[in-house]
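Participant: My structure is in work-v7.txt, and what it holds is compact mmCIF, N, CA, C and O atoms:
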```txt
# COMPACT_ATOMS: atom_id res chain seq x y z
N MET B 1118 -13.83 -2.81 3.68
CA MET B 1118 -13.01 -1.67 3.31
C MET B 1118 -11.56 -1.95 3.67
O MET B 1118 -11.28 -2.56 4.71
N VAL B 1119 -10.67 -1.51 2.82
CA VAL B 1119 -9.23 -1.63 3.06
C VAL B 1119 -8.69 -0.22 3.28
O VAL B 1119 -8.96 0.69 2.48
N LYS B 1120 -7.96 -0.03 4.35
CA LYS B 1120 -7.30 1.25 4.61
C LYS B 1120 -5.81 1.06 4.33
O LYS B 1120 -5.20 0.12 4.84
N VAL B 1121 -5.24 1.96 3.53
CA VAL B 1121 -3.83 1.84 3.15
C VAL B 1121 -3.09 3.08 3.63
O VAL B 1121 -3.49 4.21 3.33
N GLU B 1122 -2.03 2.85 4.39
CA GLU B 1122 -1.10 3.90 4.81
C GLU B 1122 0.12 3.77 3.91
O GLU B 1122 0.98 2.92 4.16
N PRO B 1123 0.22 4.56 2.84
CA PRO B 1123 1.24 4.33 1.83
C PRO B 1123 2.67 4.73 2.21
O PRO B 1123 3.60 4.37 1.52
N GLY B 1124 2.83 5.46 3.29
CA GLY B 1124 4.19 5.80 3.70
C GLY B 1124 4.41 7.29 3.82
O GLY B 1124 3.55 8.03 4.26
N VAL B 1125 5.58 7.72 3.36
CA VAL B 1125 6.04 9.08 3.60
C VAL B 1125 5.15 10.15 2.97
O VAL B 1125 5.08 11.26 3.46
N CYS B 1126 4.43 9.85 1.91
CA CYS B 1126 3.56 10.85 1.29
C CYS B 1126 2.43 11.26 2.23
O CYS B 1126 1.93 12.39 2.16
N GLY B 1127 2.01 10.35 3.12
CA GLY B 1127 0.98 10.66 4.10
C GLY B 1127 -0.44 10.66 3.59
O GLY B 1127 -1.37 10.98 4.32
N PHE B 1128 -0.65 10.29 2.32
CA PHE B 1128 -2.00 10.29 1.75
C PHE B 1128 -2.67 8.94 2.00
O PHE B 1128 -2.59 8.02 1.19
N THR B 1129 -3.35 8.82 3.13
CA THR B 1129 -4.09 7.61 3.45
C THR B 1129 -5.14 7.36 2.38
O THR B 1129 -5.70 8.29 1.82
N CYS B 1130 -5.38 6.10 2.10
CA CYS B 1130 -6.33 5.72 1.06
C CYS B 1130 -7.30 4.69 1.63
O CYS B 1130 -6.91 3.83 2.42
N SER B 1131 -8.56 4.78 1.23
CA SER B 1131 -9.52 3.74 1.57
C SER B 1131 -10.08 3.17 0.27
O SER B 1131 -10.35 3.90 -0.68
N ILE B 1132 -10.19 1.86 0.26
CA ILE B 1132 -10.67 1.13 -0.92
C ILE B 1132 -11.86 0.27 -0.49
O ILE B 1132 -11.72 -0.56 0.41
N THR B 1133 -12.99 0.48 -1.12
CA THR B 1133 -14.16 -0.36 -0.89
C THR B 1133 -14.42 -1.15 -2.16
O THR B 1133 -14.56 -0.56 -3.24
N ALA B 1134 -14.44 -2.46 -2.03
CA ALA B 1134 -14.69 -3.34 -3.17
C ALA B 1134 -15.93 -4.17 -2.86
O ALA B 1134 -16.00 -4.82 -1.82
N LYS B 1135 -16.91 -4.11 -3.74
CA LYS B 1135 -18.17 -4.84 -3.54
C LYS B 1135 -18.41 -5.78 -4.71
O LYS B 1135 -18.35 -5.36 -5.87
N ARG B 1136 -18.70 -7.00 -4.38
CA ARG B 1136 -18.95 -8.02 -5.40
C ARG B 1136 -20.31 -7.83 -6.05
O ARG B 1136 -21.31 -7.59 -5.37
N GLN B 1137 -20.33 -7.96 -7.37
CA GLN B 1137 -21.56 -7.99 -8.14
C GLN B 1137 -21.41 -9.09 -9.17
O GLN B 1137 -20.89 -8.87 -10.27
N GLY B 1138 -21.79 -10.30 -8.78
CA GLY B 1138 -21.61 -11.46 -9.66
C GLY B 1138 -20.14 -11.79 -9.79
O GLY B 1138 -19.47 -12.05 -8.80
N ARG B 1139 -19.62 -11.75 -11.02
CA ARG B 1139 -18.21 -12.04 -11.27
C ARG B 1139 -17.40 -10.76 -11.47
O ARG B 1139 -16.31 -10.77 -12.04
N GLU B 1140 -17.97 -9.63 -11.00
CA GLU B 1140 -17.29 -8.34 -11.08
C GLU B 1140 -17.23 -7.70 -9.70
O GLU B 1140 -17.96 -8.10 -8.79
N VAL B 1141 -16.37 -6.71 -9.60
CA VAL B 1141 -16.22 -5.95 -8.37
C VAL B 1141 -16.35 -4.47 -8.71
O VAL B 1141 -15.70 -4.00 -9.65
N THR B 1142 -17.20 -3.76 -7.98
CA THR B 1142 -17.24 -2.31 -8.11
C THR B 1142 -16.29 -1.73 -7.07
O THR B 1142 -16.18 -2.25 -5.95
N LEU B 1143 -15.61 -0.66 -7.44
CA LEU B 1143 -14.58 -0.08 -6.58
C LEU B 1143 -14.91 1.36 -6.23
O LEU B 1143 -15.39 2.13 -7.07
N ASP B 1144 -14.62 1.71 -4.99
CA ASP B 1144 -14.69 3.09 -4.53
C ASP B 1144 -13.36 3.37 -3.85
O ASP B 1144 -13.05 2.75 -2.83
N ILE B 1145 -12.56 4.25 -4.44
CA ILE B 1145 -11.21 4.54 -3.94
C ILE B 1145 -11.18 6.01 -3.52
O ILE B 1145 -11.49 6.89 -4.32
N THR B 1146 -10.82 6.25 -2.26
CA THR B 1146 -10.81 7.60 -1.71
C THR B 1146 -9.42 7.93 -1.17
O THR B 1146 -8.85 7.15 -0.41
N SER B 1147 -8.90 9.10 -1.57
CA SER B 1147 -7.60 9.57 -1.09
C SER B 1147 -7.50 11.06 -1.39
O SER B 1147 -8.18 11.57 -2.29
N GLU B 1148 -6.64 11.74 -0.66
CA GLU B 1148 -6.37 13.15 -0.95
C GLU B 1148 -5.30 13.29 -2.03
O GLU B 1148 -5.05 14.39 -2.50
N CYS B 1149 -4.68 12.19 -2.43
CA CYS B 1149 -3.65 12.21 -3.48
C CYS B 1149 -4.32 12.37 -4.85
O CYS B 1149 -5.23 11.61 -5.19
N GLY B 1150 -3.88 13.35 -5.62
CA GLY B 1150 -4.44 13.59 -6.94
C GLY B 1150 -4.29 12.41 -7.88
O GLY B 1150 -5.22 12.10 -8.64
N GLN B 1151 -3.15 11.73 -7.84
CA GLN B 1151 -2.94 10.58 -8.70
C GLN B 1151 -3.89 9.44 -8.34
O GLN B 1151 -4.44 8.78 -9.22
N ILE B 1152 -4.08 9.22 -7.05
CA ILE B 1152 -4.98 8.14 -6.62
C ILE B 1152 -6.43 8.50 -6.92
O ILE B 1152 -7.23 7.64 -7.28
N GLN B 1153 -6.79 9.77 -6.82
CA GLN B 1153 -8.12 10.20 -7.22
C GLN B 1153 -8.36 9.90 -8.70
O GLN B 1153 -9.42 9.41 -9.08
N GLN B 1154 -7.35 10.17 -9.53
CA GLN B 1154 -7.47 9.87 -10.96
C GLN B 1154 -7.57 8.36 -11.19
O GLN B 1154 -8.38 7.91 -11.99
N LEU B 1155 -6.77 7.59 -10.46
CA LEU B 1155 -6.84 6.13 -10.55
C LEU B 1155 -8.25 5.65 -10.20
O LEU B 1155 -8.84 4.86 -10.92
N GLY B 1156 -8.79 6.17 -9.10
CA GLY B 1156 -10.13 5.77 -8.66
C GLY B 1156 -11.21 6.13 -9.66
O GLY B 1156 -12.14 5.35 -9.88
N SER B 1157 -11.10 7.29 -10.28
CA SER B 1157 -12.13 7.68 -11.25
C SER B 1157 -12.02 6.89 -12.54
O SER B 1157 -13.00 6.76 -13.28
N SER B 1158 -10.85 6.35 -12.82
CA SER B 1158 -10.65 5.54 -14.03
C SER B 1158 -11.14 4.11 -13.87
O SER B 1158 -11.43 3.44 -14.85
N LEU B 1159 -11.18 3.64 -12.63
CA LEU B 1159 -11.60 2.26 -12.36
C LEU B 1159 -12.99 2.25 -11.76
O LEU B 1159 -13.20 2.70 -10.65
N GLY B 1160 -13.94 1.74 -12.48
CA GLY B 1160 -15.28 1.60 -11.93
C GLY B 1160 -15.55 0.18 -11.50
O GLY B 1160 -15.99 -0.09 -10.39
N LYS B 1161 -15.26 -0.74 -12.41
CA LYS B 1161 -15.48 -2.16 -12.15
C LYS B 1161 -14.28 -2.96 -12.63
O LYS B 1161 -13.56 -2.53 -13.52
N LEU B 1162 -14.10 -4.10 -12.03
CA LEU B 1162 -13.09 -5.07 -12.46
C LEU B 1162 -13.77 -6.42 -12.57
O LEU B 1162 -14.53 -6.81 -11.68
N SER B 1163 -13.48 -7.14 -13.63
CA SER B 1163 -14.00 -8.50 -13.74
C SER B 1163 -13.00 -9.46 -13.12
O SER B 1163 -11.83 -9.13 -12.94
N MET B 1164 -13.48 -10.64 -12.80
CA MET B 1164 -12.60 -11.66 -12.24
C MET B 1164 -11.44 -11.95 -13.20
O MET B 1164 -10.30 -12.09 -12.78
N ASN B 1165 -11.74 -12.02 -14.48
CA ASN B 1165 -10.68 -12.30 -15.47
C ASN B 1165 -9.63 -11.20 -15.51
O ASN B 1165 -8.44 -11.48 -15.66
N GLU B 1166 -10.04 -9.94 -15.36
CA GLU B 1166 -9.08 -8.83 -15.41
C GLU B 1166 -8.09 -8.89 -14.25
O GLU B 1166 -6.95 -8.45 -14.40
N LEU B 1167 -8.51 -9.42 -13.12
CA LEU B 1167 -7.61 -9.51 -11.96
C LEU B 1167 -6.39 -10.36 -12.24
O LEU B 1167 -5.34 -10.17 -11.62
N PHE B 1168 -6.51 -11.30 -13.15
CA PHE B 1168 -5.42 -12.24 -13.40
C PHE B 1168 -4.60 -11.91 -14.64
O PHE B 1168 -3.75 -12.70 -15.04
N LEU B 1169 -4.85 -10.74 -15.23
CA LEU B 1169 -4.03 -10.32 -16.37
C LEU B 1169 -2.65 -9.90 -15.87
O LEU B 1169 -2.51 -9.40 -14.75
N PRO B 1170 -1.61 -10.06 -16.69
CA PRO B 1170 -0.27 -9.62 -16.27
C PRO B 1170 -0.23 -8.09 -16.12
O PRO B 1170 -1.10 -7.38 -16.64
N HIS B 1171 0.78 -7.61 -15.41
CA HIS B 1171 0.92 -6.18 -15.14
C HIS B 1171 0.74 -5.32 -16.39
O HIS B 1171 0.11 -4.27 -16.34
N THR B 1172 1.32 -5.76 -17.50
CA THR B 1172 1.30 -4.95 -18.72
C THR B 1172 -0.07 -4.87 -19.38
O THR B 1172 -0.27 -4.04 -20.27
N LYS B 1173 -1.02 -5.69 -18.93
CA LYS B 1173 -2.37 -5.68 -19.49
C LYS B 1173 -3.44 -5.49 -18.42
O LYS B 1173 -4.61 -5.37 -18.75
N ASN B 1174 -3.05 -5.43 -17.17
CA ASN B 1174 -3.99 -5.34 -16.07
C ASN B 1174 -4.53 -3.91 -15.98
O ASN B 1174 -3.76 -2.95 -15.90
N PRO B 1175 -5.87 -3.75 -15.98
CA PRO B 1175 -6.44 -2.40 -15.95
C PRO B 1175 -6.05 -1.57 -14.73
O PRO B 1175 -5.92 -0.35 -14.83
N VAL B 1176 -5.82 -2.21 -13.59
CA VAL B 1176 -5.42 -1.45 -12.40
C VAL B 1176 -4.05 -0.81 -12.64
O VAL B 1176 -3.87 0.39 -12.40
N PHE B 1177 -3.10 -1.58 -13.12
CA PHE B 1177 -1.76 -1.05 -13.33
C PHE B 1177 -1.70 -0.12 -14.54
O PHE B 1177 -0.93 0.85 -14.54
N LEU B 1178 -2.53 -0.35 -15.55
CA LEU B 1178 -2.59 0.57 -16.69
C LEU B 1178 -3.16 1.92 -16.26
O LEU B 1178 -2.64 2.97 -16.65
N CYS B 1179 -4.20 1.90 -15.43
CA CYS B 1179 -4.77 3.16 -14.93
C CYS B 1179 -3.79 3.86 -13.98
O CYS B 1179 -3.71 5.08 -13.97
N ALA B 1180 -3.06 3.08 -13.18
CA ALA B 1180 -2.06 3.67 -12.29
C ALA B 1180 -0.96 4.36 -13.10
O ALA B 1180 -0.50 5.44 -12.73
N GLU B 1181 -0.57 3.75 -14.21
CA GLU B 1181 0.45 4.36 -15.07
C GLU B 1181 -0.09 5.66 -15.70
O GLU B 1181 0.60 6.69 -15.70
N THR B 1182 -1.31 5.61 -16.19
CA THR B 1182 -1.92 6.80 -16.79
C THR B 1182 -2.07 7.92 -15.76
O THR B 1182 -1.86 9.09 -16.09
N ALA B 1183 -2.39 7.56 -14.52
CA ALA B 1183 -2.55 8.54 -13.44
C ALA B 1183 -1.20 9.03 -12.91
O ALA B 1183 -1.16 9.92 -12.07
N ARG B 1184 -0.13 8.43 -13.41
CA ARG B 1184 1.24 8.78 -12.99
C ARG B 1184 1.51 8.49 -11.52
O ARG B 1184 2.18 9.25 -10.83
N CYS B 1185 0.96 7.36 -11.05
CA CYS B 1185 1.25 6.92 -9.69
C CYS B 1185 2.73 6.58 -9.58
O CYS B 1185 3.34 6.08 -10.53
N HIS B 1186 3.29 6.83 -8.43
CA HIS B 1186 4.69 6.49 -8.18
C HIS B 1186 4.86 4.98 -8.32
O HIS B 1186 3.98 4.20 -7.93
N LEU B 1187 5.95 4.55 -8.90
CA LEU B 1187 6.18 3.13 -9.16
C LEU B 1187 6.10 2.27 -7.90
O LEU B 1187 5.61 1.15 -7.93
N ALA B 1188 6.54 2.82 -6.76
CA ALA B 1188 6.53 2.05 -5.52
C ALA B 1188 5.25 2.26 -4.69
O ALA B 1188 5.16 1.77 -3.57
N CYS B 1189 4.26 2.95 -5.24
CA CYS B 1189 3.01 3.18 -4.51
C CYS B 1189 2.31 1.84 -4.25
O CYS B 1189 2.08 1.06 -5.18
N PRO B 1190 1.92 1.58 -3.00
CA PRO B 1190 1.26 0.32 -2.68
C PRO B 1190 -0.24 0.29 -2.99
O PRO B 1190 -0.88 -0.75 -2.86
N ILE B 1191 -0.81 1.40 -3.43
CA ILE B 1191 -2.25 1.46 -3.65
C ILE B 1191 -2.71 0.52 -4.77
O ILE B 1191 -3.68 -0.23 -4.58
N PRO B 1192 -2.07 0.51 -5.95
CA PRO B 1192 -2.55 -0.40 -7.00
C PRO B 1192 -2.60 -1.87 -6.56
O PRO B 1192 -3.58 -2.57 -6.82
N MET B 1193 -1.57 -2.32 -5.88
CA MET B 1193 -1.57 -3.71 -5.37
C MET B 1193 -2.70 -3.91 -4.37
O MET B 1193 -3.36 -4.94 -4.36
N SER B 1194 -2.97 -2.89 -3.57
CA SER B 1194 -4.03 -2.97 -2.57
C SER B 1194 -5.41 -3.06 -3.23
O SER B 1194 -6.30 -3.73 -2.72
N VAL B 1195 -5.58 -2.40 -4.37
CA VAL B 1195 -6.83 -2.48 -5.12
C VAL B 1195 -7.05 -3.92 -5.59
O VAL B 1195 -8.14 -4.47 -5.46
N ILE B 1196 -5.99 -4.52 -6.13
CA ILE B 1196 -6.07 -5.92 -6.58
C ILE B 1196 -6.45 -6.83 -5.41
O ILE B 1196 -7.34 -7.66 -5.51
N LYS B 1197 -5.77 -6.67 -4.28
CA LYS B 1197 -6.04 -7.52 -3.12
C LYS B 1197 -7.46 -7.33 -2.61
O LYS B 1197 -8.16 -8.30 -2.30
N ALA B 1198 -7.94 -6.09 -2.54
CA ALA B 1198 -9.31 -5.82 -2.09
C ALA B 1198 -10.33 -6.49 -3.03
O ALA B 1198 -11.32 -7.07 -2.56
N ALA B 1199 -10.07 -6.43 -4.33
CA ALA B 1199 -10.97 -7.06 -5.30
C ALA B 1199 -10.96 -8.58 -5.15
O ALA B 1199 -12.01 -9.22 -5.21
N GLU B 1200 -9.78 -9.15 -4.94
CA GLU B 1200 -9.69 -10.61 -4.73
C GLU B 1200 -10.49 -11.03 -3.51
O GLU B 1200 -11.21 -12.04 -3.54
N VAL B 1201 -10.38 -10.29 -2.43
CA VAL B 1201 -11.11 -10.62 -1.21
C VAL B 1201 -12.61 -10.49 -1.45
O VAL B 1201 -13.39 -11.37 -1.05
N ALA B 1202 -13.03 -9.42 -2.11
CA ALA B 1202 -14.46 -9.23 -2.38
C ALA B 1202 -15.04 -10.37 -3.21
O ALA B 1202 -16.19 -10.75 -3.02
N LEU B 1203 -14.24 -10.93 -4.10
CA LEU B 1203 -14.70 -12.03 -4.95
C LEU B 1203 -14.52 -13.40 -4.29
O LEU B 1203 -14.84 -14.42 -4.89
N GLY B 1204 -13.98 -13.42 -3.09
CA GLY B 1204 -13.78 -14.69 -2.39
C GLY B 1204 -12.58 -15.47 -2.90
O GLY B 1204 -12.48 -16.68 -2.67
N LEU B 1205 -11.65 -14.80 -3.55
CA LEU B 1205 -10.46 -15.45 -4.10
C LEU B 1205 -9.25 -15.35 -3.18
O LEU B 1205 -8.22 -15.96 -3.45
N ALA B 1206 -9.37 -14.57 -2.13
CA ALA B 1206 -8.28 -14.42 -1.15
C ALA B 1206 -8.91 -14.14 0.21
O ALA B 1206 -10.05 -13.70 0.31
N LEU B 1207 -8.14 -14.40 1.25
CA LEU B 1207 -8.59 -14.13 2.61
C LEU B 1207 -8.20 -12.71 3.01
O LEU B 1207 -7.15 -12.21 2.60
N PRO B 1208 -9.01 -12.06 3.84
CA PRO B 1208 -8.71 -10.69 4.28
C PRO B 1208 -7.64 -10.67 5.36
O PRO B 1208 -7.93 -10.60 6.56
N LYS B 1209 -6.40 -10.76 4.97
CA LYS B 1209 -5.26 -10.78 5.90
C LYS B 1209 -4.42 -9.53 5.68
O LYS B 1209 -4.12 -9.17 4.53
N ASP B 1210 -4.02 -8.87 6.76
CA ASP B 1210 -3.19 -7.68 6.67
C ASP B 1210 -1.84 -8.00 6.05
O ASP B 1210 -1.31 -9.10 6.22
N ALA B 1211 -1.29 -7.00 5.36
CA ALA B 1211 0.06 -7.10 4.79
C ALA B 1211 0.83 -5.87 5.26
O ALA B 1211 0.23 -4.85 5.61
N SER B 1212 2.15 -5.96 5.28
CA SER B 1212 2.94 -4.81 5.70
C SER B 1212 4.31 -4.82 5.05
O SER B 1212 4.77 -5.85 4.55
N LEU B 1213 4.93 -3.67 5.07
CA LEU B 1213 6.30 -3.49 4.59
C LEU B 1213 7.03 -2.76 5.70
O LEU B 1213 6.63 -1.67 6.09
N THR B 1214 8.05 -3.38 6.27
CA THR B 1214 8.74 -2.82 7.42
C THR B 1214 10.22 -2.68 7.12
O THR B 1214 10.86 -3.65 6.69
N PHE B 1215 10.74 -1.48 7.34
CA PHE B 1215 12.18 -1.25 7.15
C PHE B 1215 12.89 -1.46 8.49
O PHE B 1215 12.48 -0.90 9.50
N GLU B 1216 13.93 -2.27 8.47
CA GLU B 1216 14.73 -2.51 9.67
C GLU B 1216 16.16 -2.11 9.40
O GLU B 1216 16.67 -2.35 8.30
N SER B 1217 16.79 -1.53 10.40
CA SER B 1217 18.20 -1.14 10.20
C SER B 1217 19.14 -2.10 10.86
O SER B 1217 18.80 -2.92 11.65
```
As a first step, turn the structure in this file into structure tokens.
Facilitator:
Amino acid sequence: MVKVEPGVCGFTCSITAKRQGREVTLDITSECGQIQQLGSSLGKLSMNELFLPHTKNPVFLCAETARCHLACPIPMSVIKAAEVALGLALPKDASLTFES
């Protein structure tokens, strides 16, 4: 499971990605209405879909349809969780830190 703290909106998100052959099933939970819509639109992702460009990638297309904020880190986190579930990436934390 991946837990995402997206920032000032305060809507924590959890993403569970489970491998099923060359596909990943997704369970995305958040109190954010847009992320709920994103989660209900995405059931499975194939390995090939993960490598499509932004303009054709189902995660980013569903995020656009759900009207997710452009800077929302959840769509990228879905991609990373799916990559890890498929063994294509290592489960390493990522962060964005503002320094003055």
Participant: Can you tell me, as a PDB file with N, CA, C and O atoms, in the frame of the given file, what residues are no more than 7 Å from Lys1120 in chain B when counting all atoms listed in the file, ignoring any on the same chain fewer than 6 positions away?
Facilitator:
```
ATOM      1  N   THR B1129      -3.350   8.820   3.130  1.00  0.00           N
ATOM      2  CA  THR B1129      -4.090   7.610   3.450  1.00  0.00           C
ATOM      3  C   THR B1129      -5.140   7.360   2.380  1.00  0.00           C
ATOM      4  O   THR B1129      -5.700   8.290   1.820  1.00  0.00           O
ATOM      5  N   CYS B1130      -5.380   6.100   2.100  1.00  0.00           N
ATOM      6  CA  CYS B1130      -6.330   5.720   1.060  1.00  0.00           C
ATOM      7  C   CYS B1130      -7.300   4.690   1.630  1.00  0.00           C
ATOM      8  O   CYS B1130      -6.910   3.830   2.420  1.00  0.00           O
ATOM      9  N   SER B1131      -8.560   4.780   1.230  1.00  0.00           N
ATOM     10  CA  SER B1131      -9.520   3.740   1.570  1.00  0.00           C
ATOM     11  C   SER B1131     -10.080   3.170   0.270  1.00  0.00           C
ATOM     12  O   SER B1131     -10.350   3.900  -0.680  1.00  0.00           O
ATOM     13  N   ILE B1132     -10.190   1.860   0.260  1.00  0.00           N
ATOM     14  CA  ILE B1132     -10.670   1.130  -0.920  1.00  0.00           C
ATOM     15  C   ILE B1132     -11.860   0.270  -0.490  1.00  0.00           C
ATOM     16  O   ILE B1132     -11.720  -0.560   0.410  1.00  0.00           O
TER      17      ILE B1132
END
```
Participant: Need to verify the contact set: range 1179-1183 of chain B, 6 Å, all atoms listed in the file, exclusion of same-chain residues closer than 4 positions in sequence. Can you return it as a CSV table (one decimal) with N, CA, C and O atoms, in the coordinates of the input?
Facilitator:
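Produced file part.csv, reproduced below:
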```
chain,number,residue,atom,x,y,z
B,1150,GLY,N,-3.9,13.4,-5.6
B,1150,GLY,CA,-4.4,13.6,-6.9
B,1150,GLY,C,-4.3,12.4,-7.9
B,1150,GLY,O,-5.2,12.1,-8.6
B,1151,GLN,N,-3.2,11.7,-7.8
B,1151,GLN,CA,-2.9,10.6,-8.7
B,1151,GLN,C,-3.9,9.4,-8.3
B,1151,GLN,O,-4.4,8.8,-9.2
B,1152,ILE,N,-4.1,9.2,-7.0
B,1152,ILE,CA,-5.0,8.1,-6.6
B,1152,ILE,C,-6.4,8.5,-6.9
B,1152,ILE,O,-7.2,7.6,-7.3
B,1154,GLN,N,-7.4,10.2,-9.5
B,1154,GLN,CA,-7.5,9.9,-11.0
B,1154,GLN,C,-7.6,8.4,-11.2
B,1154,GLN,O,-8.4,7.9,-12.0
B,1155,LEU,N,-6.8,7.6,-10.5
B,1155,LEU,CA,-6.8,6.1,-10.6
B,1155,LEU,C,-8.2,5.6,-10.2
B,1155,LEU,O,-8.8,4.9,-10.9
B,1174,ASN,N,-3.0,-5.4,-17.2
B,1174,ASN,CA,-4.0,-5.3,-16.1
B,1174,ASN,C,-4.5,-3.9,-16.0
B,1174,ASN,O,-3.8,-3.0,-15.9
B,1175,PRO,N,-5.9,-3.8,-16.0
B,1175,PRO,CA,-6.4,-2.4,-16.0
B,1175,PRO,C,-6.0,-1.6,-14.7
B,1175,PRO,O,-5.9,-0.4,-14.8
```
Participant: Using only C-alpha atoms, find the one residue out of B:Ser1217, B:Thr1142, B:Gln1137, B:Gln1153 that sits nearest to Ile1191 in chain B.
Facilitator: B:Gln1153
Participant: If you run DSSP on the backbone, which residues of chain B are strand (DSSP E or B), as an mmCIF file with N, CA, C and O atoms, keeping the file's coordinate frame?
Facilitator:
```
data_model
loop_
_atom_site.group_PDB
_atom_site.id
_atom_site.type_symbol
_atom_site.label_atom_id
_atom_site.label_comp_id
_atom_site.auth_asym_id
_atom_site.auth_seq_id
_atom_site.Cartn_x
_atom_site.Cartn_y
_atom_site.Cartn_z
ATOM 1 N N VAL B 1119 -10.670 -1.510 2.820
ATOM 2 C CA VAL B 1119 -9.230 -1.630 3.060
ATOM 3 C C VAL B 1119 -8.690 -0.220 3.280
ATOM 4 O O VAL B 1119 -8.960 0.690 2.480
ATOM 5 N N LYS B 1120 -7.960 -0.030 4.350
ATOM 6 C CA LYS B 1120 -7.300 1.250 4.610
ATOM 7 C C LYS B 1120 -5.810 1.060 4.330
ATOM 8 O O LYS B 1120 -5.200 0.120 4.840
ATOM 9 N N VAL B 1121 -5.240 1.960 3.530
ATOM 10 C CA VAL B 1121 -3.830 1.840 3.150
ATOM 11 C C VAL B 1121 -3.090 3.080 3.630
ATOM 12 O O VAL B 1121 -3.490 4.210 3.330
ATOM 13 N N CYS B 1130 -5.380 6.100 2.100
ATOM 14 C CA CYS B 1130 -6.330 5.720 1.060
ATOM 15 C C CYS B 1130 -7.300 4.690 1.630
ATOM 16 O O CYS B 1130 -6.910 3.830 2.420
ATOM 17 N N SER B 1131 -8.560 4.780 1.230
ATOM 18 C CA SER B 1131 -9.520 3.740 1.570
ATOM 19 C C SER B 1131 -10.080 3.170 0.270
ATOM 20 O O SER B 1131 -10.350 3.900 -0.680
ATOM 21 N N ILE B 1132 -10.190 1.860 0.260
ATOM 22 C CA ILE B 1132 -10.670 1.130 -0.920
ATOM 23 C C ILE B 1132 -11.860 0.270 -0.490
ATOM 24 O O ILE B 1132 -11.720 -0.560 0.410
ATOM 25 N N THR B 1133 -12.990 0.480 -1.120
ATOM 26 C CA THR B 1133 -14.160 -0.360 -0.890
ATOM 27 C C THR B 1133 -14.420 -1.150 -2.160
ATOM 28 O O THR B 1133 -14.560 -0.560 -3.240
ATOM 29 N N ALA B 1134 -14.440 -2.460 -2.030
ATOM 30 C CA ALA B 1134 -14.690 -3.340 -3.170
ATOM 31 C C ALA B 1134 -15.930 -4.170 -2.860
ATOM 32 O O ALA B 1134 -16.000 -4.820 -1.820
ATOM 33 N N LYS B 1135 -16.910 -4.110 -3.740
ATOM 34 C CA LYS B 1135 -18.170 -4.840 -3.540
ATOM 35 C C LYS B 1135 -18.410 -5.780 -4.710
ATOM 36 O O LYS B 1135 -18.350 -5.360 -5.870
ATOM 37 N N ARG B 1136 -18.700 -7.000 -4.380
ATOM 38 C CA ARG B 1136 -18.950 -8.020 -5.400
ATOM 39 C C ARG B 1136 -20.310 -7.830 -6.050
ATOM 40 O O ARG B 1136 -21.310 -7.590 -5.370
ATOM 41 N N GLN B 1137 -20.330 -7.960 -7.370
ATOM 42 C CA GLN B 1137 -21.560 -7.990 -8.140
ATOM 43 C C GLN B 1137 -21.410 -9.090 -9.170
ATOM 44 O O GLN B 1137 -20.890 -8.870 -10.270
ATOM 45 N N GLU B 1140 -17.970 -9.630 -11.000
ATOM 46 C CA GLU B 1140 -17.290 -8.340 -11.080
ATOM 47 C C GLU B 1140 -17.230 -7.700 -9.700
ATOM 48 O O GLU B 1140 -17.960 -8.100 -8.790
ATOM 49 N N VAL B 1141 -16.370 -6.710 -9.600
ATOM 50 C CA VAL B 1141 -16.220 -5.950 -8.370
ATOM 51 C C VAL B 1141 -16.350 -4.470 -8.710
ATOM 52 O O VAL B 1141 -15.700 -4.000 -9.650
ATOM 53 N N THR B 1142 -17.200 -3.760 -7.980
ATOM 54 C CA THR B 1142 -17.240 -2.310 -8.110
ATOM 55 C C THR B 1142 -16.290 -1.730 -7.070
ATOM 56 O O THR B 1142 -16.180 -2.250 -5.950
ATOM 57 N N LEU B 1143 -15.610 -0.660 -7.440
ATOM 58 C CA LEU B 1143 -14.580 -0.080 -6.580
ATOM 59 C C LEU B 1143 -14.910 1.360 -6.230
ATOM 60 O O LEU B 1143 -15.390 2.130 -7.070
ATOM 61 N N ASP B 1144 -14.620 1.710 -4.990
ATOM 62 C CA ASP B 1144 -14.690 3.090 -4.530
ATOM 63 C C ASP B 1144 -13.360 3.370 -3.850
ATOM 64 O O ASP B 1144 -13.050 2.750 -2.830
ATOM 65 N N ILE B 1145 -12.560 4.250 -4.440
ATOM 66 C CA ILE B 1145 -11.210 4.540 -3.940
ATOM 67 C C ILE B 1145 -11.180 6.010 -3.520
ATOM 68 O O ILE B 1145 -11.490 6.890 -4.320
ATOM 69 N N THR B 1146 -10.820 6.250 -2.260
ATOM 70 C CA THR B 1146 -10.810 7.600 -1.710
ATOM 71 C C THR B 1146 -9.420 7.930 -1.170
ATOM 72 O O THR B 1146 -8.850 7.150 -0.410
ATOM 73 N N SER B 1147 -8.900 9.100 -1.570
ATOM 74 C CA SER B 1147 -7.600 9.570 -1.090
ATOM 75 C C SER B 1147 -7.500 11.060 -1.390
ATOM 76 O O SER B 1147 -8.180 11.570 -2.290
ATOM 77 N N LYS B 1161 -15.260 -0.740 -12.410
ATOM 78 C CA LYS B 1161 -15.480 -2.160 -12.150
ATOM 79 C C LYS B 1161 -14.280 -2.960 -12.630
ATOM 80 O O LYS B 1161 -13.560 -2.530 -13.520
ATOM 81 N N LEU B 1162 -14.100 -4.100 -12.030
ATOM 82 C CA LEU B 1162 -13.090 -5.070 -12.460
ATOM 83 C C LEU B 1162 -13.770 -6.420 -12.570
ATOM 84 O O LEU B 1162 -14.530 -6.810 -11.680
ATOM 85 N N SER B 1163 -13.480 -7.140 -13.630
ATOM 86 C CA SER B 1163 -14.000 -8.500 -13.740
ATOM 87 C C SER B 1163 -13.000 -9.460 -13.120
ATOM 88 O O SER B 1163 -11.830 -9.130 -12.940
#
```
Participant: In file coordinates, which residues lie within 4.5 Å of (-7.8, -6.7, -8.6) using only N, CA, C and O atoms, given as a PyMOL selection string?
Facilitator: chain B and resi 1167+1195-1196
Participant: What's around Pro1192 in chain B at 8 Å? Count all atoms listed in the file, leave out sequence neighbours fewer than 5 positions away in its own chain, and write the answer as a list in words.
Facilitator: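 Those residues are Val1176, Phe1177, Ala1180, His1186, Leu1187, Lys1197, Ala1198 and Ala1199 of chain B.
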